[in-house]
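input.cif, holding mmCIF, C-alpha atoms:
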data_entry
loop_
_atom_site.label_atom_id
_atom_site.label_comp_id
_atom_site.auth_asym_id
_atom_site.auth_seq_id
_atom_site.Cartn_x
_atom_site.Cartn_y
_atom_site.Cartn_z
CA MET A 1 4.32 40.69 -19.02
CA ARG A 2 6.45 37.60 -18.42
CA LYS A 3 9.92 38.43 -17.21
CA SER A 4 13.15 36.78 -16.24
CA LEU A 5 12.79 34.51 -13.17
CA ILE A 6 9.05 35.17 -12.79
CA VAL A 7 8.10 32.65 -15.45
CA LEU A 8 10.06 29.79 -13.94
CA ILE A 9 8.78 30.46 -10.43
CA VAL A 10 5.16 30.49 -11.57
CA LEU A 11 5.68 27.28 -13.54
CA PHE A 12 6.91 25.54 -10.42
CA VAL A 13 4.44 26.92 -7.92
CA SER A 14 1.33 26.46 -10.08
CA PHE A 15 2.51 23.10 -11.40
CA GLU A 16 -0.51 20.76 -11.46
CA MET A 17 0.92 17.63 -9.96
CA TYR A 18 0.08 14.53 -9.27
CA SER A 19 6.25 13.09 -0.55
CA GLN A 20 5.27 10.59 0.73
CA SER A 21 4.05 7.45 -1.01
CA PHE A 22 1.10 5.18 -0.25
CA PHE A 23 0.08 6.79 3.07
CA GLY A 24 -1.17 4.10 5.44
CA SER A 25 -1.29 1.16 3.05
CA GLN A 26 2.33 -0.02 3.42
CA TYR A 27 1.90 -0.88 7.09
CA ASP A 28 -0.70 -3.57 6.33
CA ASN A 29 0.64 -7.10 6.82
CA TYR A 30 -1.06 -7.93 3.53
CA SER A 31 0.65 -5.18 1.53
CA GLY A 32 2.98 -7.84 0.10
CA VAL A 33 5.48 -6.71 -2.52
CA ASN A 34 4.34 -3.10 -2.14
CA ALA A 35 5.98 -2.97 1.30
CA VAL A 36 9.43 -3.59 -0.19
CA ILE A 37 9.84 0.07 -1.16
CA SER A 38 9.88 1.26 2.47
CA ASN A 39 11.71 -1.71 4.03
CA PRO A 40 12.97 -4.75 2.06
CA ALA A 41 12.87 -6.88 5.24
CA ASN A 42 9.05 -6.73 5.12
CA ILE A 43 8.73 -9.40 2.44
CA VAL A 44 10.12 -12.35 4.42
CA GLY A 45 7.77 -14.35 6.63
CA SER A 46 4.82 -12.44 5.19
CA ARG A 47 1.24 -13.64 4.84
CA PHE A 48 1.84 -14.60 1.19
CA ARG A 49 3.37 -17.48 -0.65
CA THR A 50 3.50 -15.13 -3.64
CA ASP A 51 2.20 -11.62 -4.21
CA ILE A 52 1.99 -10.09 -7.69
CA ASN A 53 1.51 -6.37 -8.18
CA ILE A 54 -0.20 -5.53 -11.46
CA ALA A 55 -0.10 -1.76 -11.05
CA SER A 56 -0.04 0.64 -8.09
CA ALA A 57 0.39 4.40 -7.97
CA SER A 58 0.64 7.13 -5.37
CA ALA A 59 0.53 10.89 -6.00
CA PHE A 60 1.18 13.67 -3.50
CA VAL A 61 1.49 17.46 -3.68
CA GLY A 62 2.03 19.71 -0.68
CA ASN A 63 3.22 23.24 0.04
CA ASP A 64 3.11 26.07 2.55
CA TYR A 65 2.18 28.86 0.11
CA TYR A 66 -1.25 27.91 -1.27
CA SER A 67 -4.29 26.67 0.70
CA VAL A 68 -7.43 25.51 -1.12
CA LYS A 69 -10.77 23.86 -0.51
CA LEU A 70 -10.85 20.55 -2.36
CA GLY A 71 -14.46 21.00 -3.51
CA ASP A 72 -13.66 24.35 -5.12
CA LEU A 73 -11.17 22.75 -7.50
CA PHE A 74 -14.00 20.94 -9.28
CA LYS A 75 -16.02 24.10 -9.95
CA SER A 76 -16.02 25.10 -13.62
CA ASP A 77 -15.48 28.79 -12.85
CA TYR A 78 -12.75 28.28 -10.25
CA GLU A 79 -9.50 30.15 -10.95
CA PHE A 80 -6.69 28.74 -8.84
CA GLU A 81 -4.33 31.70 -8.96
CA LYS A 82 -7.05 34.19 -8.00
CA SER A 83 -9.12 32.15 -5.52
CA ALA A 84 -6.59 30.10 -3.54
CA THR A 85 -5.52 31.49 -0.17
CA THR A 86 -1.86 32.46 -0.12
CA ASN A 87 0.46 32.26 2.89
CA PRO A 88 3.56 34.20 1.85
CA LYS A 89 6.75 33.88 3.89
CA SER A 90 10.40 34.59 3.25
CA ASN A 91 11.05 30.87 2.64
CA ASN A 92 8.06 29.10 1.08
CA ASN A 93 8.27 25.53 -0.23
CA LEU A 94 6.43 23.25 -2.63
CA TYR A 95 6.89 19.52 -3.04
CA SER A 96 5.30 16.85 -5.24
CA ASN A 97 5.91 13.14 -5.63
CA ILE A 98 4.58 10.60 -8.11
CA ASP A 99 5.44 6.99 -7.24
CA ALA A 100 4.17 4.15 -9.43
CA LEU A 101 4.95 0.47 -8.88
CA GLY A 102 4.74 -1.48 -12.14
CA PRO A 103 4.69 -5.25 -12.69
CA SER A 104 6.37 -6.72 -9.59
CA PHE A 105 6.27 -9.86 -7.48
CA MET A 106 7.56 -11.40 -4.27
CA MET A 107 7.71 -14.96 -3.04
CA ASN A 108 8.77 -16.75 0.11
CA ILE A 109 11.39 -19.47 -0.35
CA GLY A 110 11.13 -22.00 2.44
CA ASN A 111 10.60 -20.70 5.96
CA LYS A 112 13.45 -18.20 6.19
CA ASN A 113 14.03 -16.52 2.82
CA ALA A 114 12.12 -14.35 0.40
CA ILE A 115 12.85 -12.60 -2.88
CA ALA A 116 11.19 -9.80 -4.82
CA VAL A 117 11.57 -8.22 -8.25
CA PHE A 118 10.00 -4.84 -8.92
CA THR A 119 9.70 -2.01 -11.43
CA ARG A 120 9.01 1.53 -10.34
CA LEU A 121 8.51 5.00 -11.87
CA ARG A 122 9.27 8.07 -9.74
CA VAL A 123 8.89 11.80 -10.36
CA ILE A 124 9.89 14.34 -7.70
CA THR A 125 9.52 18.10 -8.15
CA HIS A 126 10.24 20.75 -5.56
CA VAL A 127 10.77 24.42 -4.86
CA SER A 128 12.75 25.11 -1.68
CA GLU A 129 13.29 28.35 0.24
CA ILE A 130 11.61 30.71 -2.27
CA SER A 131 10.36 34.14 -1.22
CA GLY A 132 6.59 33.92 -1.00
CA LEU A 133 6.50 37.66 -0.34
CA PHE A 134 7.83 38.08 -3.86
CA LEU A 135 5.46 35.49 -5.32
CA ASN A 136 2.54 37.31 -3.75
CA GLN A 137 3.30 40.35 -5.92
CA ILE A 138 3.21 38.45 -9.20
CA GLN A 139 0.15 38.35 -11.45
CA ASP A 140 -0.25 37.44 -15.13
CA GLU A 141 0.41 41.09 -15.94
CA VAL A 142 2.77 42.86 -13.54
CA ASN A 143 1.93 46.56 -13.33
CA GLN A 144 3.97 47.67 -10.35
CA ASP A 145 7.54 47.87 -9.16
CA PHE A 146 8.87 45.00 -7.06
CA SER A 147 12.14 43.62 -5.77
CA PHE A 148 13.61 40.81 -3.69
CA GLU A 149 17.15 40.24 -2.49
CA GLY A 150 19.58 37.59 -1.33
CA GLN A 151 17.66 34.59 -2.64
CA ASN A 152 19.20 31.10 -2.49
CA PHE A 153 16.18 29.08 -3.57
CA SER A 154 16.43 25.70 -5.27
CA MET A 155 14.03 24.32 -7.91
CA ALA A 156 14.31 20.86 -9.43
CA SER A 157 12.34 18.17 -11.23
CA ASN A 158 13.65 14.64 -11.76
CA ALA A 159 12.07 11.51 -13.21
CA TRP A 160 13.52 8.02 -13.34
CA ILE A 161 12.69 4.32 -13.57
CA GLU A 162 13.93 1.70 -11.11
CA TYR A 163 14.46 -2.00 -11.82
CA GLY A 164 14.97 -3.66 -8.45
CA ALA A 165 15.73 -7.06 -6.93
CA SER A 166 15.33 -7.76 -3.22
CA PHE A 167 16.42 -10.50 -0.86
CA ALA A 168 15.29 -10.88 2.75
CA ARG A 169 16.03 -13.49 5.40
CA ILE A 170 14.96 -14.33 8.94
CA LEU A 171 18.22 -13.83 10.84
CA LYS A 172 17.04 -15.00 14.24
CA ASP A 173 13.88 -16.79 15.31
CA ASN A 174 12.81 -18.21 18.66
CA GLU A 175 9.71 -18.39 20.84
CA VAL A 176 10.10 -14.80 22.01
CA TYR A 177 11.07 -12.79 18.92
CA SER A 178 12.26 -12.86 15.34
CA LEU A 179 14.78 -10.62 13.61
CA LYS A 180 14.66 -10.08 9.84
CA GLY A 181 16.94 -8.30 7.41
CA GLY A 182 16.56 -7.33 3.77
CA ILE A 183 18.32 -5.54 0.93
CA SER A 184 17.23 -4.16 -2.44
CA LEU A 185 19.59 -3.38 -5.31
CA LYS A 186 18.28 -1.08 -8.01
CA TYR A 187 19.32 -0.16 -11.54
CA LEU A 188 18.26 3.42 -12.29
CA GLY A 189 17.26 4.81 -15.66
CA GLY A 190 17.03 8.60 -15.62
CA ILE A 191 14.24 9.97 -17.82
CA HIS A 192 14.85 13.68 -17.36
CA SER A 193 16.43 16.17 -14.98
CA GLY A 194 16.17 19.93 -14.81
CA TYR A 195 16.99 22.47 -12.12
CA VAL A 196 17.76 26.08 -11.22
CA LYS A 197 19.73 27.09 -8.13
CA ALA A 198 19.88 30.76 -7.10
CA ARG A 199 23.01 31.94 -5.36
CA ASN A 200 22.57 35.26 -3.54
CA LEU A 201 20.24 36.37 -6.33
CA SER A 202 18.50 39.75 -6.31
CA VAL A 203 15.84 40.91 -8.78
CA SER A 204 14.21 44.31 -9.17
CA TYR A 205 11.55 45.37 -11.67
CA ASP A 206 10.98 48.98 -12.68
CA TYR A 207 7.48 49.38 -14.14
CA THR A 208 6.82 52.31 -16.50
CA GLY A 209 3.85 50.97 -18.46
CA LEU A 210 5.80 50.49 -21.71
CA GLU A 211 7.53 47.29 -22.87
CA VAL A 212 10.47 49.25 -24.23
CA THR A 213 11.14 50.87 -20.85
CA ASN A 214 9.88 48.32 -18.26
CA ARG A 215 13.20 47.09 -16.92
CA THR A 216 14.37 44.02 -14.97
CA THR A 217 17.73 44.18 -13.15
CA THR A 218 19.37 41.11 -11.58
CA THR A 219 22.53 40.49 -9.56
CA GLY A 220 24.13 37.35 -8.15
CA ASN A 221 24.63 33.91 -9.68
CA ILE A 222 22.35 31.25 -11.16
CA GLU A 223 23.25 27.60 -11.67
CA THR A 224 21.18 25.63 -14.18
CA GLY A 225 20.96 22.02 -15.28
CA ASN A 226 19.41 21.16 -18.64
CA ILE A 227 17.62 24.51 -18.84
CA ARG A 228 18.62 27.04 -21.47
CA SER A 229 15.94 29.59 -20.67
CA LEU A 230 13.18 30.26 -18.17
CA GLU A 231 10.61 29.30 -20.80
CA SER A 232 11.96 25.78 -21.40
CA PHE A 233 11.49 24.05 -18.05
CA ASP A 234 8.47 22.11 -19.31
CA ASP A 235 10.63 20.63 -22.06
CA PRO A 236 14.20 20.27 -20.76
CA LEU A 237 17.05 19.16 -22.97
CA ASP A 238 16.76 15.63 -24.29
CA ASN A 239 18.96 13.49 -22.09
CA SER A 240 18.97 10.32 -20.05
CA GLY A 241 20.88 9.08 -17.04
CA VAL A 242 22.00 5.80 -15.54
CA GLY A 243 22.91 4.79 -12.02
CA PHE A 244 22.50 2.38 -9.14
CA GLY A 245 20.70 2.50 -5.81
CA MET A 246 20.22 0.42 -2.67
CA ASP A 247 17.73 0.03 0.20
CA LEU A 248 18.58 -1.69 3.48
CA GLY A 249 16.22 -2.62 6.31
CA PHE A 250 15.57 -4.69 9.43
CA THR A 251 12.49 -5.66 11.41
CA TYR A 252 12.14 -6.98 14.95
CA GLU A 253 8.96 -8.83 15.93
CA LEU A 254 8.03 -9.50 19.54
CA LYS A 255 5.79 -12.54 19.34
CA SER A 256 2.38 -12.80 20.90
CA LYS A 257 2.06 -15.50 23.54
CA VAL A 258 -1.65 -16.04 22.95
CA SER A 259 -1.93 -15.96 19.14
CA ALA A 260 -0.96 -18.01 16.13
CA THR A 261 2.62 -18.30 14.90
CA ASP A 262 2.30 -15.49 12.34
CA ASP A 263 0.98 -12.97 14.85
CA TYR A 264 3.09 -10.56 16.81
CA LEU A 265 2.48 -8.22 19.68
CA LEU A 266 4.89 -5.55 18.43
CA LYS A 267 6.84 -5.13 15.21
CA VAL A 268 9.59 -2.51 14.92
CA GLY A 269 11.17 -1.67 11.58
CA PHE A 270 14.27 0.34 10.66
CA SER A 271 15.41 1.09 7.13
CA ILE A 272 17.44 3.50 5.04
CA THR A 273 16.24 3.80 1.46
CA ASP A 274 17.65 5.32 -1.70
CA PHE A 275 21.39 5.20 -1.33
CA GLY A 276 22.78 6.02 -4.76
CA SER A 277 22.74 8.42 -7.69
CA MET A 278 22.33 8.76 -11.46
CA LYS A 279 24.75 10.34 -13.90
CA PHE A 280 23.45 12.33 -16.85
CA LYS A 281 26.37 12.15 -19.27
CA ASN A 282 24.72 14.38 -21.87
CA GLY A 283 23.37 16.92 -19.42
CA GLU A 284 24.37 20.58 -19.43
CA LYS A 285 25.32 22.19 -16.13
CA VAL A 286 26.11 25.92 -16.28
CA LEU A 287 26.96 28.54 -13.65
CA TYR A 288 26.01 32.08 -14.74
CA ASP A 289 27.01 35.52 -13.56
CA ALA A 290 23.50 37.02 -13.34
CA ASN A 291 24.49 40.69 -13.21
CA ALA A 292 22.32 42.03 -16.02
CA SER A 293 19.62 44.50 -17.02
CA TYR A 294 17.07 44.26 -19.86
CA THR A 295 13.66 45.57 -20.92
CA ASP A 296 10.49 43.56 -21.47
CA ALA A 297 10.82 44.21 -25.20
CA GLU A 298 14.34 42.77 -25.25
CA TYR A 299 13.26 39.73 -23.27
CA ALA A 300 10.32 39.09 -25.63
CA ILE A 301 12.73 38.83 -28.57
CA ASN A 302 15.15 36.39 -26.90
CA ASP A 303 14.66 34.73 -23.52
CA ASP A 304 17.78 32.54 -23.57
CA PHE A 305 20.04 32.77 -20.48
CA ASP A 306 23.07 33.31 -22.68
CA SER A 307 21.54 36.48 -24.10
CA TYR A 308 21.85 38.29 -20.77
CA TYR A 309 24.09 36.32 -18.43
CA THR A 310 27.78 35.41 -18.63
CA ARG A 311 28.88 31.78 -18.32
CA ILE A 312 31.35 31.36 -15.47
CA SER A 313 31.71 27.60 -15.84
CA GLU A 314 30.00 24.72 -17.62
CA ASN A 315 30.01 20.95 -17.59
CA LYS A 316 28.50 18.43 -20.00
CA SER A 317 27.54 15.93 -17.30
CA PHE A 318 26.26 15.94 -13.73
CA LYS A 319 25.03 13.58 -11.02
CA VAL A 320 21.59 13.42 -9.44
CA SER A 321 21.40 11.91 -5.95
CA LEU A 322 18.46 9.80 -4.81
CA PRO A 323 16.16 11.01 -1.98
CA THR A 324 17.94 9.15 0.81
CA ALA A 325 15.68 8.77 3.85
CA LEU A 326 15.54 7.08 7.24
CA HIS A 327 12.35 5.19 8.15
CA LEU A 328 11.34 4.10 11.65
CA ASN A 329 8.16 2.09 12.12
CA ALA A 330 6.40 0.48 15.08
CA ASP A 331 3.26 -1.63 14.67
CA TRP A 332 1.33 -2.63 17.79
CA ASN A 333 -1.17 -5.48 17.54
CA PHE A 334 -3.29 -4.55 20.58
CA SER A 335 -6.18 -6.83 19.59
CA LYS A 336 -6.48 -9.76 17.22
CA LYS A 337 -7.60 -7.65 14.24
CA LEU A 338 -6.75 -4.15 15.47
CA PHE A 339 -3.38 -2.44 15.04
CA LEU A 340 -1.86 0.93 15.81
CA ASN A 341 1.07 1.99 13.64
CA PHE A 342 3.62 4.74 14.32
CA ASN A 343 5.85 5.76 11.42
CA THR A 344 8.48 8.40 10.69
CA ASP A 345 10.07 9.30 7.34
CA LEU A 346 13.14 11.48 7.88
CA ASN A 347 14.99 13.24 5.09
CA LEU A 348 18.79 12.75 4.97
CA VAL A 349 19.44 15.12 2.03
CA ASP A 350 20.35 18.82 2.03
CA THR A 351 17.20 20.43 0.60
CA LYS A 352 19.09 23.61 -0.35
CA LYS A 353 21.60 21.77 -2.52
CA GLU A 354 21.29 22.16 -6.28
CA ASN A 355 19.11 19.52 -7.97
CA SER A 356 18.42 17.68 -4.73
CA ASN A 357 15.80 14.94 -4.42
CA TYR A 358 14.29 14.49 -0.99
CA VAL A 359 11.24 13.40 0.99
CA ASN A 360 9.36 15.69 3.34
CA ASN A 361 9.81 14.80 7.00
CA THR A 362 6.65 13.03 8.13
CA VAL A 363 5.35 11.57 11.38
CA SER A 364 2.16 9.49 11.28
CA LEU A 365 -0.11 7.49 13.54
CA THR A 366 -2.40 4.99 11.80
CA PRO A 367 -5.11 2.90 13.46
CA ARG A 368 -5.87 -0.16 11.32
CA TYR A 369 -8.46 -2.95 11.16
CA GLU A 370 -6.89 -5.91 9.36
CA THR A 371 -8.14 -9.31 8.16
CA LYS A 372 -7.11 -11.60 5.32
CA TRP A 373 -9.49 -10.08 2.78
CA LEU A 374 -10.20 -6.63 4.23
CA SER A 375 -8.23 -3.82 5.83
CA LEU A 376 -9.35 -0.33 6.88
CA TYR A 377 -6.84 2.35 7.86
CA THR A 378 -7.01 6.02 8.92
CA PRO A 379 -3.57 7.71 8.73
CA LEU A 380 -3.07 10.82 10.88
CA SER A 381 0.09 12.64 9.83
CA MET A 382 2.19 15.73 10.38
CA VAL A 383 3.90 16.59 7.08
CA GLN A 384 6.72 19.11 6.80
CA ASN A 385 5.51 22.33 5.12
CA SER A 386 1.92 21.02 4.95
CA GLY A 387 0.90 20.50 8.58
CA PHE A 388 -1.67 18.02 9.91
CA GLN A 389 -3.33 15.61 7.48
CA ALA A 390 -6.03 13.00 8.13
CA GLY A 391 -7.01 10.33 5.64
CA PHE A 392 -8.73 7.03 5.02
CA GLY A 393 -8.06 3.93 2.93
CA PHE A 394 -9.04 0.30 2.49
CA ARG A 395 -7.87 -2.98 1.00
CA ALA A 396 -10.45 -5.42 -0.35
CA GLY A 397 -8.70 -8.55 -1.60
CA PRO A 398 -6.68 -7.57 -4.68
CA LEU A 399 -7.69 -3.87 -4.65
CA PHE A 400 -6.55 -1.06 -2.37
CA VAL A 401 -7.52 2.62 -2.48
CA GLY A 402 -6.75 5.43 -0.08
CA SER A 403 -5.56 8.94 0.71
CA GLY A 404 -3.59 10.36 3.60
CA SER A 405 -5.39 13.71 3.37
CA ILE A 406 -8.95 13.15 2.11
CA VAL A 407 -10.57 13.56 5.54
CA SER A 408 -8.77 16.86 6.15
CA ALA A 409 -9.77 18.09 2.70
CA MET A 410 -13.46 17.52 3.45
CA PHE A 411 -13.50 19.94 6.40
CA GLY A 412 -11.63 23.02 5.25
CA GLU A 413 -8.70 24.39 3.31
CA VAL A 414 -5.69 22.13 2.87
CA ASP A 415 -2.03 22.61 1.99
CA ALA A 416 -1.56 19.07 0.67
CA ILE A 417 -3.51 16.37 -1.13
CA ASP A 418 -2.66 12.81 -2.10
CA VAL A 419 -4.22 9.61 -3.39
CA HIS A 420 -3.09 6.02 -3.94
CA VAL A 421 -4.60 3.02 -5.70
CA GLY A 422 -3.38 -0.46 -6.59
CA LEU A 423 -4.40 -3.81 -8.05
CA LYS A 424 -2.60 -7.07 -7.31
CA ILE A 425 -2.89 -10.86 -7.34
CA PRO A 426 -2.38 -12.18 -3.79
CA ILE A 427 -1.57 -15.87 -3.32
CA TYR A 428 -1.86 -16.57 0.39
CA ARG A 429 0.06 -19.15 2.37
#
Hey, can you dump this file as structure tokens for me?
Amino acid sequence: MRKSLIVLIVLFVSFEMYSQSFFGSQYDNYSGVNAVISNPANIVGSRFRTDINIASASAFVGNDYYSVKLGDLFKSDYEFEKSATTNPKSNNNLYSNIDALGPSFMMNIGNKNAIAVFTRLRVITHVSEISGLFLNQIQDEVNQDFSFEGQNFSMASNAWIEYGASFARILKDNEVYSLKGGISLKYLGGIHSGYVKARNLSVSYDYTGLEVTNRTTTTGNIETGNIRSLESFDDPLDNSGVGFGMDLGFTYELKSKVSATDDYLLKVGFSITDFGSMKFKNGEKVLYDANASYTDAEYAINDDFDSYYTRISENKSFKVSLPTALHLNADWNFSKKLFLNFNTDLNLVDTKKENSNYVNNTVSLTPRYETKWLSLYTPLSMVQNSGFQAGFGFRAGPLFVGSGSIVSAMFGEVDAIDVHVGLKIPIYR
């Protein structure tokens, strides 16, 4: 029997998704316009006269509740909910990120300037600080009593399109080093936004075996955005948002004394991405008093929040902040064609805040073989809530394909999986 709160939680946790974007591939000196999304300074002084992205996409899903064997997912008789290993805690998390770069291009202008124009689709969904101990009790048909108390979990899903323009310039250049800076300005078009935020929420279920007497009792508060009931998350209220965003970055290159002009011994990058927000003017934000009690039979007739909970306050518009993050990157060219990259992605957003967008904290080390027409990379990463991940990827001229977790997935159960692929038209200098 599907009951209040249970339905929404299951929808989030078993959501078949498509954190981090393009694991390993962005560090390549031939990543071109694709590198602008992590640091706009990357486009100036690059290996290209012009680089045109036709289409690129990255998909990631990670959590600390479910663990699965990748091969099992392709079995016809595999049932995810029954067969996956669960790791219940008092504060489980799930995170997914779809990041697609549409038609985009960059070009160098003279020796010191570069510009880029890009289009981008992003979808971020998360569940933060949910009781896995409670989730572990839930099945399709609940036939036992259960309860959980004092929950302050946050669930949100946001999708938007970015139209961006970037400018980068070499700020300082001499025989020893070069310093580059870049900025991206973005117009944001919100596609949809929906969220639920629990505030000291408690739920208990008294099972009797009969729909007319099975009873759910809740206390606390619930804040919702564009969700009228727990059954409607898949199809939130029709609405759209608009806003603006900005990325800012710098790179420092210590030049090699024994190589060509374009080569460096060490490159260090610093950037902050996704300043900004979107406003959904036609959105519905409601805070409910969730002190209520109802039977399964009553819930089956009407599952709308307003049928059981009392509106404390409401607003017809709300803002959605971007997933602001700090990125630190160091790329060591220890041999002519061999590189070792160290990268960190650090979240700057409160993950417990209602309707927050964020990136999972990630630290990665990526050995890379790089030439003009071929690159091979093996990212080794520690991802928040998903642990150690090992992957592999390659670039062959205009095509690149990879995953930051495929190697890990081949040798046991995993808590995260991702893939990226792209096709471009590179015009070298």
Measure the distance from atom CA of A:Trp332 to atom CA of A:Ser31 in Å and round it to one decimal.
->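 Between these atoms lies a distance of 16.5 Å.
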What is the atom CA of A:Ser277-atom CA of A:Leu322 distance in Å, reported with one decimal?
->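 Atom CA of A:Leu322 lies at a distance of 5.3 Å from atom CA of A:Ser277.
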A:Ser25 environment, 12 Å, all atoms listed in the file, sequence neighbours closer than 6 positions dropped, as a ChimeraX atom specification | /A:31-35,37-38,56-58,341,343,366-370,374-379,391-396,399-404,419-422
For the structure provided, state which residues fall under the PyMOL selection byres ((chain A and resi 169) around 7), and present them as a compact mmCIF listing (two decimals) with C-alpha atoms, keeping the file's coordinate frame.
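This is the output file out_16.txt:
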# COMPACT_ATOMS: atom_id res chain seq x y z
CA VAL A 44 10.12 -12.35 4.42
CA LYS A 112 13.45 -18.20 6.19
CA ASN A 113 14.03 -16.52 2.82
CA ALA A 114 12.12 -14.35 0.40
CA PHE A 167 16.42 -10.50 -0.86
CA ALA A 168 15.29 -10.88 2.75
CA ILE A 170 14.96 -14.33 8.94
CA LEU A 171 18.22 -13.83 10.84
CA LYS A 180 14.66 -10.08 9.84
CA GLY A 181 16.94 -8.30 7.41
CA GLY A 182 16.56 -7.33 3.77
I need the residue set behind the PyMOL selection byres ((chain A and resi 251) around 6) for this file; please write it as a ChimeraX atom specification.
-> /A:179-180,250,252,268-269
Contact residues around A:Val363 with all atoms listed in the file at 8 Å, ignoring same-chain residues under 3 positions, as a ChimeraX atom specification | /A:342-345,381-383
Quick one: what's the axis-aligned box for stretch 189-204 of chain A, all listed atoms, 5 Å on every side, centre and edges in Å to one decimal, as lines of an AutoDock Vina configuration file?
center_x = 18.6
center_y = 24.6
center_z = -10.7
size_x = 18.8
size_y = 49.5
size_z = 24.3
So how far away is atom CA of A:Asp247 from atom CA of A:Ser193, in Å?
->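 That distance, rounded to one decimal, is 22.2 Å.
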Stretch 323-326 of chain A surroundings by only C-alpha atoms, 7 Å radius, close-in-sequence under 5 positions cut, as a VMD selection string = chain A and resid 271 to 275 345 to 349 357 to 359
Hits from the PyMOL selection byres ((chain A and resi 133) around 9), listed as a ChimeraX atom specification | /A:87-92,130-132,134-137,148
